[in-house]
Amino acid sequence: MASKFNPLRYDLPPNTRACLFQDPKQLSSPPKTPIQDPKLIINGGSTLSGHVSISGSKNSALPILAATLCCSGSSNLKNVPCLSDTRTMASILESLGAQLMTFNGEIVVNTDGLLSVEPDSAEIRKLRGGFFVLGPLLARFGEATVGLPGGCDIGTRPIDLYIHGLQALGATVELRDGKVQAHVSNGKGLTGASFGLDCPSVGATETLMMAACLAEGNTVISNAAQEPEIIDLAGFLTNCGAAVEGAGTDTLYISGRRRLYGSEYSIMPDRIEAGTYMLAAAITRSHISMSPVIYSNLTSLLDKLSRAGCKILHLSDDTLELSAVPGATGDNLQGFSIKTRPFPGFPTDLQPLTMALLSTCKGISVIEETVFENRMSHELQKFGAKIQVCGSTALVFGKGNASPLCGSQVIATDLRGGMSLVLAGLAAEGCTEISGISHVDRGYESLEMKLQGLGANVTRMTSSSGPSQNFGISFASL
C-alpha cells in the first residue's frame, strides 16, 4: 500500500487536507490501450536535406517535472517533448495525486492535492528519472518511499550518492523490500549542509539540489555535475522562488526556502537530439539545417565533426547548418577518436551514434567509454561495421569513399544504442528492419516524421496493423 503522510504535520496549502482524503480513483488515468512494440523499416542510401526542428530536452523535462513536487500551486511547463519517458513521469506524478492538464504542447501540473508520498513502483521501474521524486517529496513532506529505478541497461548506476547526500541534509534513509524509505530525522524538515559527491552524477546533483531548495539554511554541494540540464533545472527552481547559485559549475550554493510556488517555464532544446541529427547528416553525407540549437551545449561534438571535415555554419543565434556532402568537404570524412566525459566533455549519450558514423569514415578511430560500462553492447557489427571491442574501449575500422554498411535485421535494446542502429540503417545499402524501436521512442519525438521530412525512406510497422506513418505518444491520453 502506498504510504500516506499526515497533512497536519507539515505546512501544506489550506485546501490540501481535503484533497488528501479524496477517492484516489477519481484522479486515476483512464485505461490505456496496449501499444504493440513497433519496428522501423529503413530503405537506406537516401541523401538528407531540408530543416529539422529540435524538440525540448528530455533530460531537462524529467527532473523539472519532478521539481513541480517542490511547489505549491500550478506549474505551466512549455516545450515538453512528447515521449514515452515524459509520459511515464507524468503517470508517476499522477500516482501521487498530482493533477495534470495538457494542451498545445504544454503541461500544467498542480501538486496541491497530493494523496501519497509513494509513487507507483511499476512506473518507477520503467524510468531511471522517476527516482528524482525522492528529493522533492522528502523535502516538502518530510517522508518518501520510492522504488528502485529502472531505465536502459547500459551499466551500473548506483543510488548511494543520492542516499549519502540526503543523509547529509538530515534524513534517515533505509532500503527495504526494493524501496528507498526516507524521513526527516528531526521530525521538522531537512537542514542545509555542505558535502561533496564522489563523482559528478547528474541525477544525484538534480535530486539533492531540489531537496536543498526546501531545507532550512544553506547548502553547498561540491563536485556537482555541470551539464546544461542542471542549469535548466536551476532556472525553473529559481522561477519558483528558490535561491540557487553556481549552476553549470562544480559547486552549487543553495539557500533554502520555506515554500516554493509554481511558475511558467520553457524547457531548453534537446542537445542530444540536435547532435543526433548532426550525426545523421554526417553519416549520410548530407546537408541539413536545424533549430533551435544552443551552440555552447554542443561544443565537443561540433569540434569533432569539424575536424572530420564537416562544414558547419551558424546561420543565426539558434540555427545551425551542417554539410557533409563530398563536394563541400573536399574528400571523404576523416575518422577521429573520442573519450566520453561528464560535461563539457564528449557526451556518453552520443557515443554509440558517433561509433556508427566512424564506421563510414577513413582510418582507424578509438572510442573510450568512461561513464557507462555496457554502452558498447549494440549491433552495429551486423551492418558490416568493423569494430573490435575490448572492455570499455573500441577500435573502429572505417573505409574509404563509400559506406561499408549493408542493411540488416537488428534489435534495439536501449535508447541511444537503438538510435545508432537507425543512423546505420540510413547510411546502409538496402533495407534495414529495427525491432524494439520503443526504446528509441523514449528519447526522440516524432522520429520517423522528422526523418521523412528530411527525405529519409523510413516507415514504422506494428505486428498487427501494418505501416503507421504518424505514431506518437500523446499526453492527451493521460
# chains A, B, ... in the order shown; residues from 1 in each chain; ligands from 1
$ residues_around --residues "Ala456 of chain A" --least-positions-apart "2" --cutoff "7 Å" --atoms "only C-alpha atoms" --output "list in words"
Ser46, Leu48, Leu451, Gln452, Leu454 and Val458 of chain A
$ select_by_dssp --residues "segment 60-292 of chain A" --states "strand (DSSP E)" --output "number ranges by chain"
A: 71-72, 74-78, 99-103, 106-110, 143-147, 171-176, 179-184, 194-196, 218-222, 243-245, 251-255, 260-261, 264-266, 287-291
$ closest_residue --among "A:Gln334, A:Ser84, A:Gln409, A:Asn79" --to "Phe103 of chain A" --atoms "only C-alpha atoms"
A:Asn79
$ closest_atom_pairs --of "segment 399-450 of chain A" --to "segment 50-68 of chain A" --cutoff "10 Å" --atoms "only C-alpha atoms" --output "CSV"
residue,atom,partner,partner_atom,distance
A:Arg442,CA,A:Lys58,CA,8.6
A:Gly443,CA,A:Lys58,CA,6.5
A:Tyr444,CA,A:Ser55,CA,8.3
A:Glu445,CA,A:Ser55,CA,7.0
A:Ser446,CA,A:Ser55,CA,9.3
A:Lys450,CA,A:Val52,CA,6.5
$ closest_atom_pairs --of "segment 364-455 of chain A" --to "segment 347-359 of chain A" --cutoff "9 Å" --atoms "only C-alpha atoms" --output "JSON lines"
{"residue": "A:Ile364", "atom": "CA", "partner": "A:Leu358", "partner_atom": "CA", "distance": 8.4}
{"residue": "A:Ser365", "atom": "CA", "partner": "A:Leu358", "partner_atom": "CA", "distance": 6.8}
{"residue": "A:Ile367", "atom": "CA", "partner": "A:Met355", "partner_atom": "CA", "distance": 7.6}
{"residue": "A:Glu368", "atom": "CA", "partner": "A:Gln351", "partner_atom": "CA", "distance": 8.9}
{"residue": "A:Glu369", "atom": "CA", "partner": "A:Thr348", "partner_atom": "CA", "distance": 7.1}
{"residue": "A:Thr370", "atom": "CA", "partner": "A:Thr348", "partner_atom": "CA", "distance": 8.1}
{"residue": "A:Val371", "atom": "CA", "partner": "A:Thr348", "partner_atom": "CA", "distance": 6.6}
{"residue": "A:Phe372", "atom": "CA", "partner": "A:Thr348", "partner_atom": "CA", "distance": 7.7}
{"residue": "A:Arg375", "atom": "CA", "partner": "A:Pro352", "partner_atom": "CA", "distance": 7.3}
{"residue": "A:Met376", "atom": "CA", "partner": "A:Pro352", "partner_atom": "CA", "distance": 7.3}
{"residue": "A:His378", "atom": "CA", "partner": "A:Pro352", "partner_atom": "CA", "distance": 8.0}
{"residue": "A:Leu380", "atom": "CA", "partner": "A:Ala356", "partner_atom": "CA", "distance": 6.9}
{"residue": "A:Ala385", "atom": "CA", "partner": "A:Ser359", "partner_atom": "CA", "distance": 5.7}
{"residue": "A:Lys386", "atom": "CA", "partner": "A:Ser359", "partner_atom": "CA", "distance": 6.8}
{"residue": "A:Ile387", "atom": "CA", "partner": "A:Ser359", "partner_atom": "CA", "distance": 7.8}
{"residue": "A:Ala394", "atom": "CA", "partner": "A:Met355", "partner_atom": "CA", "distance": 8.9}
{"residue": "A:Val396", "atom": "CA", "partner": "A:Ser359", "partner_atom": "CA", "distance": 5.9}
{"residue": "A:Phe397", "atom": "CA", "partner": "A:Ser359", "partner_atom": "CA", "distance": 6.1}
{"residue": "A:Gly398", "atom": "CA", "partner": "A:Ser359", "partner_atom": "CA", "distance": 4.5}
{"residue": "A:Lys399", "atom": "CA", "partner": "A:Ser359", "partner_atom": "CA", "distance": 7.1}
{"residue": "A:Ser403", "atom": "CA", "partner": "A:Ser359", "partner_atom": "CA", "distance": 7.9}
{"residue": "A:Pro404", "atom": "CA", "partner": "A:Ser359", "partner_atom": "CA", "distance": 7.6}
{"residue": "A:Leu405", "atom": "CA", "partner": "A:Ser359", "partner_atom": "CA", "distance": 8.2}
{"residue": "A:Leu415", "atom": "CA", "partner": "A:Asp349", "partner_atom": "CA", "distance": 8.9}
{"residue": "A:Arg416", "atom": "CA", "partner": "A:Asp349", "partner_atom": "CA", "distance": 6.1}
{"residue": "A:Gly417", "atom": "CA", "partner": "A:Pro352", "partner_atom": "CA", "distance": 5.5}
{"residue": "A:Gly418", "atom": "CA", "partner": "A:Pro352", "partner_atom": "CA", "distance": 8.6}
{"residue": "A:Met419", "atom": "CA", "partner": "A:Leu353", "partner_atom": "CA", "distance": 6.7}
{"residue": "A:Ser420", "atom": "CA", "partner": "A:Leu353", "partner_atom": "CA", "distance": 4.3}
{"residue": "A:Leu421", "atom": "CA", "partner": "A:Ala356", "partner_atom": "CA", "distance": 7.6}
{"residue": "A:Val422", "atom": "CA", "partner": "A:Leu353", "partner_atom": "CA", "distance": 8.9}
{"residue": "A:Leu423", "atom": "CA", "partner": "A:Ala356", "partner_atom": "CA", "distance": 6.9}
{"residue": "A:Ala424", "atom": "CA", "partner": "A:Ala356", "partner_atom": "CA", "distance": 5.9}
{"residue": "A:Ala427", "atom": "CA", "partner": "A:Leu357", "partner_atom": "CA", "distance": 8.9}
$ atom_distance --atom1 "atom CA of Arg128 of chain A" --atom2 "atom CA of Leu93 of chain A"
14.5 Å
$ atom_distance --atom1 "atom CA of Gly256 of chain A" --atom2 "atom CA of Leu161 of chain A"
20.5 Å
$ closest_residue --among "A:Arg285, A:Arg341, A:Lys362, A:Arg140" --to "Gln226 of chain A" --atoms "only C-alpha atoms"
A:Arg341
